[in-house]
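Shown here: coords35.tsv, TSV, C-alpha atoms.
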chain	number	residue	atom	x	y	z
A	1	MET	CA	-44.00	1.77	-49.58
A	2	LYS	CA	-46.89	3.03	-47.52
A	3	ASN	CA	-45.50	1.64	-44.28
A	4	SER	CA	-41.92	2.70	-44.86
A	5	ARG	CA	-41.68	5.10	-41.93
A	6	ARG	CA	-43.21	2.57	-39.55
A	7	THR	CA	-40.85	-0.17	-40.77
A	8	PHE	CA	-37.92	2.15	-40.39
A	9	ILE	CA	-38.79	3.02	-36.80
A	10	LYS	CA	-39.30	-0.65	-35.97
A	11	LEU	CA	-35.96	-1.60	-37.45
A	12	ALA	CA	-34.19	1.28	-35.75
A	13	SER	CA	-35.55	0.44	-32.32
A	14	LEU	CA	-34.60	-3.20	-32.80
A	15	ALA	CA	-31.07	-2.17	-33.70
A	16	ALA	CA	-30.87	0.15	-30.69
A	17	ALA	CA	-32.03	-2.62	-28.38
A	18	THR	CA	-29.39	-4.99	-29.76
A	19	LEU	CA	-26.69	-2.39	-29.28
A	20	ALA	CA	-27.68	-1.92	-25.66
A	21	VAL	CA	-27.66	-5.63	-24.87
A	22	ALA	CA	-24.83	-6.91	-27.05
A	23	PRO	CA	-21.79	-5.62	-25.13
A	24	LYS	CA	-23.02	-7.14	-21.89
A	25	ALA	CA	-23.78	-10.47	-23.53
A	26	MET	CA	-20.34	-10.50	-25.13
A	27	ALA	CA	-18.61	-9.61	-21.89
A	28	SER	CA	-20.35	-12.30	-19.90
A	29	SER	CA	-19.51	-14.98	-22.46
A	30	GLY	CA	-15.78	-14.47	-21.95
A	31	GLY	CA	-16.17	-13.47	-18.33
A	32	HIS	CA	-12.96	-14.43	-16.57
A	33	GLU	CA	-12.65	-12.80	-13.17
A	34	PRO	CA	-8.95	-13.19	-12.52
A	35	VAL	CA	-8.89	-12.20	-8.86
A	36	SER	CA	-10.43	-13.55	-5.70
A	37	VAL	CA	-10.16	-13.22	-1.94
A	38	ASN	CA	-7.91	-15.66	-0.14
A	39	PRO	CA	-10.26	-18.29	1.34
A	40	LYS	CA	-8.23	-18.22	4.56
A	41	ALA	CA	-8.90	-14.49	5.08
A	42	VAL	CA	-11.01	-13.35	8.01
A	43	HIS	CA	-13.85	-10.91	7.42
A	44	ALA	CA	-15.84	-8.40	9.41
A	45	LYS	CA	-18.22	-5.53	8.96
A	46	GLN	CA	-16.11	-3.27	11.16
A	47	TRP	CA	-12.94	-4.51	12.81
A	48	ALA	CA	-12.51	-3.20	16.34
A	49	MET	CA	-10.12	-3.59	19.24
A	50	VAL	CA	-10.52	-3.58	23.01
A	51	ILE	CA	-7.43	-2.82	25.08
A	52	ASP	CA	-7.67	-3.97	28.67
A	53	THR	CA	-5.69	-1.34	30.55
A	54	THR	CA	-5.94	-3.33	33.77
A	55	LYS	CA	-3.67	-5.89	32.10
A	56	LEU	CA	-1.63	-3.72	29.73
A	57	HIS	CA	-0.64	-0.52	31.48
A	58	THR	CA	3.12	-0.17	31.66
A	59	ALA	CA	5.25	1.69	29.15
A	60	GLU	CA	7.65	-1.28	28.97
A	61	ALA	CA	4.92	-3.77	28.07
A	62	ILE	CA	3.50	-1.47	25.40
A	63	GLU	CA	6.95	-0.71	24.02
A	64	LYS	CA	7.55	-4.41	23.66
A	65	LEU	CA	4.41	-4.76	21.53
A	66	ALA	CA	5.35	-1.63	19.58
A	67	ALA	CA	8.77	-3.08	18.83
A	68	LEU	CA	7.12	-6.22	17.44
A	69	CYS	CA	4.72	-4.16	15.34
A	70	HIS	CA	7.41	-1.83	14.07
A	71	ALA	CA	9.73	-4.68	13.16
A	72	ASP	CA	6.94	-6.47	11.32
A	73	HIS	CA	6.01	-3.38	9.31
A	74	ASN	CA	9.50	-1.96	8.78
A	75	VAL	CA	8.74	1.20	10.75
A	76	PRO	CA	11.87	3.33	11.17
A	77	THR	CA	13.11	4.40	14.59
A	78	VAL	CA	13.54	8.16	14.87
A	79	GLN	CA	14.09	9.77	18.27
A	80	SER	CA	12.86	13.28	17.66
A	81	LYS	CA	9.82	15.26	16.66
A	82	LYS	CA	10.07	13.44	13.34
A	83	GLU	CA	9.35	10.13	15.01
A	84	ILE	CA	7.30	7.50	13.17
A	85	LYS	CA	4.85	5.53	15.28
A	86	TRP	CA	2.23	2.92	14.58
A	87	LEU	CA	1.80	1.82	18.18
A	88	TRP	CA	2.96	3.90	21.11
A	89	ASN	CA	1.99	4.88	24.64
A	90	ASP	CA	1.06	8.02	26.50
A	91	THR	CA	-0.40	9.30	29.77
A	92	TYR	CA	-4.03	9.34	30.82
A	93	ALA	CA	-4.28	13.11	30.28
A	94	HIS	CA	-3.07	12.83	26.70
A	95	THR	CA	-5.13	9.76	25.95
A	96	PHE	CA	-8.47	10.88	27.36
A	97	PRO	CA	-8.23	14.69	27.54
A	98	GLU	CA	-12.01	15.06	27.79
A	99	GLN	CA	-12.28	12.70	30.73
A	100	GLU	CA	-9.55	13.96	32.99
A	101	ASN	CA	-11.57	14.71	36.09
A	102	PRO	CA	-9.89	16.09	39.19
A	103	HIS	CA	-8.98	13.59	41.95
A	104	LEU	CA	-8.93	10.60	39.57
A	105	ALA	CA	-8.09	7.21	41.00
A	106	GLU	CA	-4.35	7.42	41.24
A	107	GLU	CA	-3.69	3.98	39.84
A	108	VAL	CA	-5.74	4.70	36.70
A	109	HIS	CA	-4.22	8.14	36.33
A	110	HIS	CA	-0.68	6.78	36.35
A	111	ARG	CA	-1.14	3.99	33.85
A	112	ALA	CA	0.46	4.11	30.41
A	113	TYR	CA	-2.08	3.73	27.62
A	114	ALA	CA	-1.47	1.94	24.34
A	115	LEU	CA	-2.30	4.17	21.39
A	116	LEU	CA	-2.74	3.40	17.73
A	117	CYS	CA	-4.91	4.34	14.78
A	118	ASN	CA	-8.54	4.09	15.89
A	119	HIS	CA	-9.84	2.97	12.49
A	120	CYS	CA	-12.83	5.25	12.99
A	121	GLU	CA	-16.22	4.45	11.56
A	122	ASN	CA	-16.44	8.02	10.37
A	123	PRO	CA	-12.81	8.85	9.66
A	124	SER	CA	-11.96	12.51	9.18
A	125	CYS	CA	-8.64	11.62	7.53
A	126	VAL	CA	-10.47	9.83	4.70
A	127	ARG	CA	-12.70	12.84	4.12
A	128	VAL	CA	-9.82	15.23	3.63
A	129	CYS	CA	-7.44	13.08	1.57
A	130	PRO	CA	-7.29	14.69	-1.88
A	131	THR	CA	-6.01	11.59	-3.68
A	132	LYS	CA	-7.97	8.87	-1.90
A	133	ALA	CA	-4.65	7.47	-0.74
A	134	THR	CA	-6.31	6.84	2.58
A	135	PHE	CA	-9.63	5.11	2.32
A	136	LYS	CA	-12.08	3.03	4.30
A	137	ARG	CA	-12.21	-0.62	3.37
A	138	PRO	CA	-15.51	-2.53	3.43
A	139	ASP	CA	-14.29	-4.27	6.60
A	140	GLY	CA	-13.91	-0.91	8.37
A	141	ILE	CA	-10.14	-0.65	8.26
A	142	VAL	CA	-8.84	2.81	7.42
A	143	ALA	CA	-6.18	1.75	4.95
A	144	MET	CA	-3.45	3.63	3.14
A	145	ASP	CA	-2.25	3.27	-0.41
A	146	TYR	CA	1.28	4.64	-0.20
A	147	HIS	CA	1.51	4.63	-3.98
A	148	ARG	CA	-1.02	7.44	-4.05
A	149	CYS	CA	0.07	9.49	-1.04
A	150	ILE	CA	1.41	12.88	-2.10
A	151	GLY	CA	2.46	13.89	1.40
A	152	CYS	CA	0.12	16.85	1.79
A	153	ARG	CA	-0.49	15.92	5.46
A	154	TYR	CA	-4.14	16.99	5.44
A	155	CYS	CA	-4.90	13.66	7.11
A	156	MET	CA	-2.49	14.46	9.92
A	157	ALA	CA	-4.27	17.74	10.53
A	158	ALA	CA	-7.63	16.00	10.40
A	159	CYS	CA	-6.84	13.07	12.70
A	160	PRO	CA	-7.91	13.96	16.26
A	161	PHE	CA	-5.73	11.19	17.70
A	162	GLY	CA	-2.30	11.99	16.29
A	163	SER	CA	-2.19	8.53	14.79
A	164	ARG	CA	-0.35	9.54	11.68
A	165	SER	CA	3.35	10.13	11.13
A	166	PHE	CA	5.07	11.85	8.27
A	167	ASN	CA	8.29	10.58	6.77
A	168	TRP	CA	10.39	13.73	6.91
A	169	GLU	CA	13.49	11.82	5.94
A	170	GLU	CA	14.28	8.75	3.90
A	171	PRO	CA	12.86	6.03	6.20
A	172	ARG	CA	15.50	3.51	5.16
A	173	LYS	CA	18.15	5.72	6.75
A	174	ASN	CA	16.61	4.93	10.13
A	175	LEU	CA	16.00	1.24	9.62
A	176	ASP	CA	18.35	-1.62	10.33
A	177	LEU	CA	18.57	-2.83	6.74
A	178	THR	CA	19.84	-6.24	7.79
A	179	LYS	CA	16.78	-6.86	9.92
A	180	LEU	CA	14.03	-5.77	7.53
A	181	ASN	CA	10.94	-7.90	7.24
A	182	PRO	CA	11.41	-9.07	3.64
A	183	GLU	CA	7.70	-9.75	3.25
A	184	PHE	CA	6.58	-6.18	3.89
A	185	PRO	CA	7.61	-3.01	2.06
A	186	THR	CA	9.14	0.06	3.64
A	187	ARG	CA	7.86	3.54	2.86
A	188	MET	CA	9.54	6.35	0.96
A	189	ARG	CA	10.35	9.88	1.99
A	190	GLY	CA	7.39	12.26	1.88
A	191	VAL	CA	4.49	9.93	2.65
A	192	VAL	CA	2.32	9.67	5.75
A	193	GLU	CA	2.04	6.32	7.48
A	194	LYS	CA	0.08	4.73	10.29
A	195	CYS	CA	-1.17	1.48	11.79
A	196	ASN	CA	-3.00	-0.69	9.26
A	197	PHE	CA	-4.73	-3.07	11.73
A	198	CYS	CA	-2.47	-5.70	10.15
A	199	VAL	CA	-4.52	-6.05	6.94
A	200	GLU	CA	-1.79	-8.22	5.50
A	201	ARG	CA	-2.22	-10.67	8.39
A	202	LEU	CA	-6.03	-10.60	8.32
A	203	ALA	CA	-5.80	-11.42	4.60
A	204	VAL	CA	-4.23	-14.76	5.47
A	205	GLY	CA	-6.39	-15.47	8.52
A	206	LYS	CA	-4.06	-14.23	11.25
A	207	MET	CA	-4.87	-11.74	14.02
A	208	PRO	CA	-3.00	-8.42	14.36
A	209	ILE	CA	0.45	-8.90	15.76
A	210	CYS	CA	-0.10	-6.72	18.87
A	211	ALA	CA	-3.29	-8.59	19.77
A	212	GLU	CA	-1.57	-11.93	19.26
A	213	ALA	CA	1.40	-11.00	21.45
A	214	SER	CA	-0.58	-9.23	24.17
A	215	GLU	CA	-1.51	-12.39	26.11
A	216	GLY	CA	-5.18	-11.49	26.14
A	217	ALA	CA	-4.86	-7.83	27.01
A	218	ILE	CA	-5.83	-6.81	23.48
A	219	VAL	CA	-8.99	-8.32	22.01
A	220	PHE	CA	-9.73	-8.03	18.31
A	221	GLY	CA	-12.94	-8.77	16.43
A	222	ASP	CA	-15.99	-7.64	14.51
A	223	LEU	CA	-17.89	-4.81	16.17
A	224	TYR	CA	-21.12	-5.81	14.42
A	225	ASP	CA	-21.03	-9.49	15.24
A	226	PRO	CA	-22.74	-9.95	18.64
A	227	GLU	CA	-20.80	-13.19	19.11
A	228	SER	CA	-17.37	-11.71	18.42
A	229	PRO	CA	-14.75	-11.59	21.19
A	230	VAL	CA	-14.82	-7.80	21.07
A	231	ARG	CA	-18.55	-7.65	21.68
A	232	LYS	CA	-18.24	-10.14	24.50
A	233	VAL	CA	-15.78	-7.90	26.33
A	234	LEU	CA	-17.82	-4.77	25.59
A	235	ARG	CA	-20.89	-6.49	27.10
A	236	GLU	CA	-19.10	-7.51	30.24
A	237	LYS	CA	-16.76	-4.63	31.04
A	238	PHE	CA	-16.99	-0.86	31.23
A	239	THR	CA	-15.05	0.74	28.39
A	240	ILE	CA	-14.31	4.25	27.15
A	241	ARG	CA	-13.05	5.60	23.86
A	242	ARG	CA	-10.74	8.47	23.02
A	243	LYS	CA	-12.36	11.84	22.28
A	244	PRO	CA	-15.86	10.56	21.53
A	245	SER	CA	-17.13	14.15	21.18
A	246	VAL	CA	-15.35	14.76	17.86
A	247	GLY	CA	-17.72	12.24	16.33
A	248	THR	CA	-15.37	10.07	14.34
A	249	GLU	CA	-16.62	6.94	16.14
A	250	PRO	CA	-13.24	5.42	16.99
A	251	CYS	CA	-13.14	1.63	17.08
A	252	VAL	CA	-10.47	1.16	19.72
A	253	TYR	CA	-12.04	0.72	23.16
A	254	TYR	CA	-10.28	0.87	26.54
A	255	VAL	CA	-11.25	-1.18	29.57
A	256	ILE	CA	-10.52	1.03	32.56
B	1	MET	CA	30.73	37.71	-56.74
B	2	LYS	CA	32.98	38.01	-53.81
B	3	MET	CA	31.94	36.38	-50.56
B	4	HIS	CA	32.33	38.60	-47.53
B	5	TYR	CA	34.14	36.91	-44.64
B	6	GLY	CA	34.33	33.78	-46.77
B	7	PHE	CA	37.25	32.17	-44.96
B	8	PRO	CA	35.93	32.34	-41.39
B	9	ILE	CA	32.46	31.22	-42.51
B	10	ILE	CA	33.70	28.20	-44.44
B	11	ALA	CA	36.21	27.34	-41.72
B	12	GLY	CA	33.55	27.68	-39.03
B	13	LEU	CA	31.15	25.48	-40.96
B	14	LEU	CA	33.86	22.86	-41.45
B	15	ILE	CA	34.70	22.83	-37.74
B	16	PHE	CA	31.00	22.53	-36.93
B	17	VAL	CA	30.47	19.61	-39.32
B	18	VAL	CA	33.57	17.82	-38.05
B	19	ALA	CA	32.55	18.35	-34.43
B	20	ILE	CA	29.01	17.11	-34.95
B	21	THR	CA	30.09	14.01	-36.86
B	22	ALA	CA	33.05	13.23	-34.63
B	23	PRO	CA	31.14	10.84	-32.36
B	24	PHE	CA	30.26	8.72	-35.39
B	25	ALA	CA	33.82	8.73	-36.66
B	26	VAL	CA	35.83	8.24	-33.47
B	27	GLY	CA	33.38	7.76	-30.59
B	28	LYS	CA	32.90	4.33	-29.11
B	29	ALA	CA	29.42	4.89	-27.73
B	30	VAL	CA	27.82	5.18	-31.12
B	31	THR	CA	29.82	2.73	-33.18
B	32	LYS	CA	29.57	-0.06	-30.62
B	33	GLN	CA	26.96	-2.60	-31.54
B	34	TYR	CA	23.89	-2.66	-29.27
B	35	LYS	CA	23.45	-5.90	-27.42
B	36	GLN	CA	20.05	-7.08	-26.20
B	37	PRO	CA	19.96	-7.13	-22.41
B	38	GLU	CA	19.98	-10.60	-20.93
B	39	PRO	CA	17.94	-10.70	-17.73
B	40	LYS	CA	18.78	-13.66	-15.55
B	41	LYS	CA	16.71	-16.73	-16.34
B	42	VAL	CA	14.82	-18.38	-13.51
B	43	VAL	CA	16.06	-21.77	-12.45
B	44	GLY	CA	13.57	-24.34	-11.27
B	45	GLU	CA	10.40	-22.72	-12.55
B	46	LYS	CA	9.41	-23.03	-16.23
B	47	GLU	CA	6.51	-20.62	-16.52
B	48	CYS	CA	5.85	-17.17	-15.23
B	49	ILE	CA	2.34	-16.26	-14.15
B	50	GLU	CA	1.46	-15.50	-17.77
B	51	SER	CA	3.20	-16.18	-21.09
B	52	VAL	CA	6.66	-14.76	-21.67
B	53	GLU	CA	5.43	-12.46	-24.47
B	54	PHE	CA	2.66	-11.11	-22.27
B	55	MET	CA	4.98	-10.55	-19.33
B	56	ARG	CA	7.55	-8.87	-21.53
B	57	THR	CA	5.14	-6.28	-22.90
B	58	GLU	CA	2.44	-6.03	-20.25
B	59	HIS	CA	4.11	-6.59	-16.86
B	60	MET	CA	3.75	-2.94	-15.92
B	61	GLN	CA	0.00	-2.95	-16.49
B	62	LEU	CA	-0.26	-6.27	-14.69
B	63	LEU	CA	1.66	-4.93	-11.70
B	64	ASN	CA	-0.55	-1.86	-11.59
B	65	GLU	CA	-3.67	-4.02	-11.60
B	66	TRP	CA	-2.18	-6.32	-9.00
B	67	ARG	CA	-1.50	-3.33	-6.77
B	68	ASP	CA	-5.08	-2.09	-6.96
B	69	TRP	CA	-6.63	-5.54	-6.60
B	70	ALA	CA	-4.61	-6.41	-3.53
B	71	LEU	CA	-4.49	-3.08	-1.81
B	72	ARG	CA	-7.78	-1.44	-2.65
B	73	ASP	CA	-10.10	-4.38	-3.34
B	74	GLY	CA	-8.53	-6.78	-0.85
B	75	LYS	CA	-8.44	-9.54	-3.47
B	76	ARG	CA	-5.07	-11.15	-3.16
B	77	ILE	CA	-5.38	-14.33	-5.24
B	78	TYR	CA	-4.74	-14.12	-8.98
B	79	THR	CA	-5.93	-16.83	-11.35
B	80	ASN	CA	-3.99	-16.88	-14.61
B	81	HIS	CA	-5.25	-17.96	-18.03
B	82	ALA	CA	-4.23	-21.55	-17.38
B	83	GLY	CA	-6.27	-21.54	-14.16
B	84	LYS	CA	-3.27	-21.60	-11.83
B	85	GLN	CA	-3.50	-19.44	-8.71
B	86	PHE	CA	-0.94	-17.05	-7.31
B	87	THR	CA	-0.78	-14.77	-4.31
B	88	ILE	CA	-0.72	-11.17	-5.46
B	89	SER	CA	2.53	-9.82	-4.09
B	90	LEU	CA	5.60	-8.30	-5.70
B	91	GLN	CA	7.92	-9.18	-2.84
B	92	ASN	CA	6.45	-12.57	-1.98
B	93	THR	CA	5.50	-13.94	-5.39
B	94	CYS	CA	7.43	-12.27	-8.25
B	95	MET	CA	10.69	-11.95	-6.40
B	96	LYS	CA	10.60	-15.50	-5.02
B	97	CYS	CA	11.53	-16.73	-8.52
B	98	HIS	CA	13.27	-13.63	-9.84
B	99	THR	CA	15.58	-13.63	-6.87
B	100	ASN	CA	17.74	-10.72	-7.90
B	101	LYS	CA	16.49	-7.30	-8.89
B	102	ALA	CA	19.87	-6.16	-10.22
B	103	GLU	CA	20.21	-9.18	-12.47
B	104	PHE	CA	16.61	-9.22	-13.65
B	105	CYS	CA	14.63	-5.97	-13.47
B	106	ASP	CA	17.53	-3.59	-13.87
B	107	LYS	CA	18.93	-5.28	-16.97
B	108	CYS	CA	16.19	-4.08	-19.29
B	109	HIS	CA	15.18	-1.03	-17.31
B	110	ASN	CA	18.70	0.39	-17.49
B	111	ASP	CA	18.90	-0.17	-21.24
B	112	ALA	CA	15.47	1.31	-21.79
B	113	GLY	CA	16.32	4.26	-19.56
B	114	VAL	CA	13.34	3.78	-17.27
B	115	SER	CA	13.48	3.92	-13.50
B	116	PRO	CA	10.21	2.69	-12.01
B	117	TYR	CA	9.77	3.66	-8.38
B	118	CYS	CA	8.84	0.16	-7.14
B	119	TRP	CA	12.02	-0.19	-5.12
B	120	ASP	CA	11.69	3.11	-3.31
B	121	CYS	CA	9.46	1.16	-0.93
B	122	HIS	CA	9.46	-2.50	-1.87
B	123	VAL	CA	12.41	-4.49	-0.61
B	124	GLN	CA	14.49	-6.23	-3.21
B	125	PRO	CA	15.33	-9.86	-2.47
B	126	GLU	CA	19.09	-9.37	-2.53
B	127	GLY	CA	18.72	-6.99	0.40
B	128	LEU	CA	19.48	-3.30	0.82
B	129	LYS	CA	22.75	-1.57	1.42

Can the structure from this file be put into structure tokens for me?
Amino acid sequence: MKNSRRTFIKLASLAAATLAVAPKAMASSGGHEPVSVNPKAVHAKQWAMVIDTTKLHTAEAIEKLAALCHADHNVPTVQSKKEIKWLWNDTYAHTFPEQENPHLAEEVHHRAYALLCNHCENPSCVRVCPTKATFKRPDGIVAMDYHRCIGCRYCMAACPFGSRSFNWEEPRKNLDLTKLNPEFPTRMRGVVEKCNFCVERLAVGKMPICAEASEGAIVFGDLYDPESPVRKVLREKFTIRRKPSVGTEPCVYYVI
Amino acid sequence: MKMHYGFPIIAGLLIFVVAITAPFAVGKAVTKQYKQPEPKKVVGEKECIESVEFMRTEHMQLLNEWRDWALRDGKRIYTNHAGKQFTISLQNTCMKCHTNKAEFCDKCHNDAGVSPYCWDCHVQPEGLK
């Protein structure tokens, strides 16, 4: 029994090693990953959009796209301060408040500009959300999980672009219930909502509905792929972004 | 020993006992036999995404996992234990077979006294009113 302590330590360390390895070995033997990404889905490092305001610059044209978007995503129509908007339009002064120089080219100054969530690279809304209901996906989309939203509206205060709307009332009251898109949910009262860059369409390999219907005025693609359509336009044309000084790195670019 | 206020006490107790047992004696709600809810069977499709027993007891956990997989992880294809693949979607997968919320979901949920908030947002296949 001279070596008893040594034998004990040896045995104990062996047992400890087995304990550390065993669960992993067991897990991998029955490893059945039940979920996967749809092979038809399109991927990117950071989705981005370029809006050519020389082609898309009237309120009517933008409203037409907004109607498509809102119908596809069951966005209620409310004509008041409680309005819900995923895609809308506004004046130059409201779109680019930092770049409103005096004596601007009249034509540019009088255009209507299409506005939507900028899906920022450094989104302030994601930072402030206390429940992680709004989060940044690996493909750069600032997504919302309405199941988790508690309606605190911190994100609305944080967003420098006014891209978020709060459901003050039951949204179904302001929807035509006979014309709902049955493939997409509505929201409930008390949650914040916004443009989702059509994640549900990207997941099946389609482009966002506004880009698809814009007849080339809206280009969509990966900001980090030099060959993407977005990068091609950015290379060739002069573009500006909304409020670059706040540092959220918005990913919606405007050709002026 | 004489009981003080004996009559009102005994009478009060009797009224109390009668009142509390009345539902068992005359009420219909208690004496009626409980019938198992019968959610509408699916026509045309034999198997759900997992076994009936699993779906019956675990569908809530499954739906929760489906929600997180699809929404947060962006993984929208589910492979079941038999290897068959399904698109993860309540409205576009589950409710394509279970075509009526009132005749399927509500049957058991009403009896069990639960009201999950799925349909506050998701659109039931029979449409909204």

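The spacing separating CA of Phe86 in chain B from CA of Lys206 in chain A amounts to 19.0 Å.
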
Using 10 Å as the limit and counting all atoms listed in the file, can you tabulate each residue of chain A that touches chain B, with its shortest atom-to-atom distance in Å and the two atoms involved, as CSV?
residue,atom,partner,partner_atom,distance
A:His32,CA,B:His81,CA,8.6
A:Glu33,CA,B:Thr79,CA,8.0
A:Pro34,CA,B:Thr79,CA,4.9
A:Val35,CA,B:Tyr78,CA,4.6
A:Ser36,CA,B:Lys75,CA,5.0
A:Val37,CA,B:Lys75,CA,4.3
A:Asn38,CA,B:Ile77,CA,5.8
A:Pro39,CA,B:Ile77,CA,9.1
A:Ala41,CA,B:Arg76,CA,9.7
A:Ala133,CA,B:Arg72,CA,9.6
A:Thr134,CA,B:Arg72,CA,9.9
A:Phe135,CA,B:Arg72,CA,8.4
A:Lys136,CA,B:Arg72,CA,9.3
A:Arg137,CA,B:Arg72,CA,7.5
A:Pro138,CA,B:Asp73,CA,8.9
A:Asp139,CA,B:Gly74,CA,9.7
A:Ala143,CA,B:Arg72,CA,8.4
A:Met144,CA,B:Leu71,CA,8.4
A:Asp145,CA,B:Leu71,CA,6.9
A:Tyr146,CA,B:Cys121,CA,8.9
A:His147,CA,B:Arg67,CA,9.0
A:Glu170,CA,B:Asp120,CA,9.5
A:Pro171,CA,B:Cys121,CA,9.3
A:Arg172,CA,B:Cys121,CA,8.9
A:Asp176,CA,B:Leu128,CA,9.7
A:Leu177,CA,B:Leu128,CA,6.0
A:Thr178,CA,B:Gly127,CA,7.5
A:Lys179,CA,B:Gly127,CA,9.7
A:Leu180,CA,B:Val123,CA,8.4
A:Asn181,CA,B:Val123,CA,8.7
A:Pro182,CA,B:Val123,CA,6.3
A:Glu183,CA,B:Asn92,CA,6.1
A:Phe184,CA,B:His122,CA,7.4
A:Pro185,CA,B:His122,CA,4.4
A:Thr186,CA,B:Cys121,CA,4.7
A:Arg187,CA,B:Cys121,CA,4.8
A:Met188,CA,B:Cys121,CA,5.5
A:Arg189,CA,B:Asp120,CA,8.7
A:Val199,CA,B:Gly74,CA,8.8
A:Glu200,CA,B:Leu71,CA,9.3
A:Ala203,CA,B:Gly74,CA,7.7
A:Val204,CA,B:Arg76,CA,9.4

Written file, previous selection with C-alpha atoms, as a PDB file, keeping the file's coordinate frame:
ATOM      1  CA  HIS A  32     -12.960 -14.430 -16.570  1.00  0.00           C
ATOM      2  CA  GLU A  33     -12.650 -12.800 -13.170  1.00  0.00           C
ATOM      3  CA  PRO A  34      -8.950 -13.190 -12.520  1.00  0.00           C
ATOM      4  CA  VAL A  35      -8.890 -12.200  -8.860  1.00  0.00           C
ATOM      5  CA  SER A  36     -10.430 -13.550  -5.700  1.00  0.00           C
ATOM      6  CA  VAL A  37     -10.160 -13.220  -1.940  1.00  0.00           C
ATOM      7  CA  ASN A  38      -7.910 -15.660  -0.140  1.00  0.00           C
ATOM      8  CA  PRO A  39     -10.260 -18.290   1.340  1.00  0.00           C
ATOM      9  CA  ALA A  41      -8.900 -14.490   5.080  1.00  0.00           C
ATOM     10  CA  ALA A 133      -4.650   7.470  -0.740  1.00  0.00           C
ATOM     11  CA  THR A 134      -6.310   6.840   2.580  1.00  0.00           C
ATOM     12  CA  PHE A 135      -9.630   5.110   2.320  1.00  0.00           C
ATOM     13  CA  LYS A 136     -12.080   3.030   4.300  1.00  0.00           C
ATOM     14  CA  ARG A 137     -12.210  -0.620   3.370  1.00  0.00           C
ATOM     15  CA  PRO A 138     -15.510  -2.530   3.430  1.00  0.00           C
ATOM     16  CA  ASP A 139     -14.290  -4.270   6.600  1.00  0.00           C
ATOM     17  CA  ALA A 143      -6.180   1.750   4.950  1.00  0.00           C
ATOM     18  CA  MET A 144      -3.450   3.630   3.140  1.00  0.00           C
ATOM     19  CA  ASP A 145      -2.250   3.270  -0.410  1.00  0.00           C
ATOM     20  CA  TYR A 146       1.280   4.640  -0.200  1.00  0.00           C
ATOM     21  CA  HIS A 147       1.510   4.630  -3.980  1.00  0.00           C
ATOM     22  CA  GLU A 170      14.280   8.750   3.900  1.00  0.00           C
ATOM     23  CA  PRO A 171      12.860   6.030   6.200  1.00  0.00           C
ATOM     24  CA  ARG A 172      15.500   3.510   5.160  1.00  0.00           C
ATOM     25  CA  ASP A 176      18.350  -1.620  10.330  1.00  0.00           C
ATOM     26  CA  LEU A 177      18.570  -2.830   6.740  1.00  0.00           C
ATOM     27  CA  THR A 178      19.840  -6.240   7.790  1.00  0.00           C
ATOM     28  CA  LYS A 179      16.780  -6.860   9.920  1.00  0.00           C
ATOM     29  CA  LEU A 180      14.030  -5.770   7.530  1.00  0.00           C
ATOM     30  CA  ASN A 181      10.940  -7.900   7.240  1.00  0.00           C
ATOM     31  CA  PRO A 182      11.410  -9.070   3.640  1.00  0.00           C
ATOM     32  CA  GLU A 183       7.700  -9.750   3.250  1.00  0.00           C
ATOM     33  CA  PHE A 184       6.580  -6.180   3.890  1.00  0.00           C
ATOM     34  CA  PRO A 185       7.610  -3.010   2.060  1.00  0.00           C
ATOM     35  CA  THR A 186       9.140   0.060   3.640  1.00  0.00           C
ATOM     36  CA  ARG A 187       7.860   3.540   2.860  1.00  0.00           C
ATOM     37  CA  MET A 188       9.540   6.350   0.960  1.00  0.00           C
ATOM     38  CA  ARG A 189      10.350   9.880   1.990  1.00  0.00           C
ATOM     39  CA  VAL A 199      -4.520  -6.050   6.940  1.00  0.00           C
ATOM     40  CA  GLU A 200      -1.790  -8.220   5.500  1.00  0.00           C
ATOM     41  CA  ALA A 203      -5.800 -11.420   4.600  1.00  0.00           C
ATOM     42  CA  VAL A 204      -4.230 -14.760   5.470  1.00  0.00           C
TER      43      VAL A 204
END

- Item | Local residues around (9.6, -7.3, -18.1), at most 10 Å away, using all atoms listed in the file, as a list in words | Pro39, Val52, Glu53, Phe54, Met55, Arg56, Thr57, Glu58, His59, Met60, Phe104, Cys105, Asp106, Lys107, Cys108 and His109 of chain B

- Item | Exercise: Gly190 in chain A partners within 9 Å, only C-alpha atoms, chain neighbours under 3 positions left out, as an NGL selection string | :A and (149-152 or 166-170 or 187)

- Using all atoms listed in the file, which residues sit within 8 Å of range 57-64 of chain A once same-chain residues fewer than 2 positions away are excluded, as a VMD selection string? chain A and resid 53 to 55 66 to 68 88 to 89 111 to 114

Per-axis box centre and lengths in Å around range 74-83 of chain B, 4 Å margin per side, axis-aligned, as AutoDock Vina command-line options:
--center_x -6.3 --center_y -14.2 --center_z -9.4 --size_x 12.5 --size_y 22.8 --size_z 25.2

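Across the structure, CA of Arg231 in chain A and CA of Val42 in chain A are spaced 16.6 Å apart.
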
- Item | Val75 in chain A surroundings by only C-alpha atoms, 8 Å radius, close-in-sequence under 5 positions cut, as a PyMOL selection string | chain A and resi 70+84-86+171+175+186

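With distances restricted to all atoms listed in the file, B:Glu50 is the closest residue to Lys84 in chain B from B:Val26, B:Glu45, B:Ile9, B:Glu50.
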
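Separating CA of Cys125 in chain A from CA of Ala157 in chain A is a distance of 8.1 Å.
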
- Message: List the spatial neighbours of Lys41 in chain B as a PyMOL selection string - criterion: any atom at most 10 Å away, only C-alpha atoms, same-chain residues fewer than 6 positions off excluded.
- Response: chain B and resi 97-98+103-104
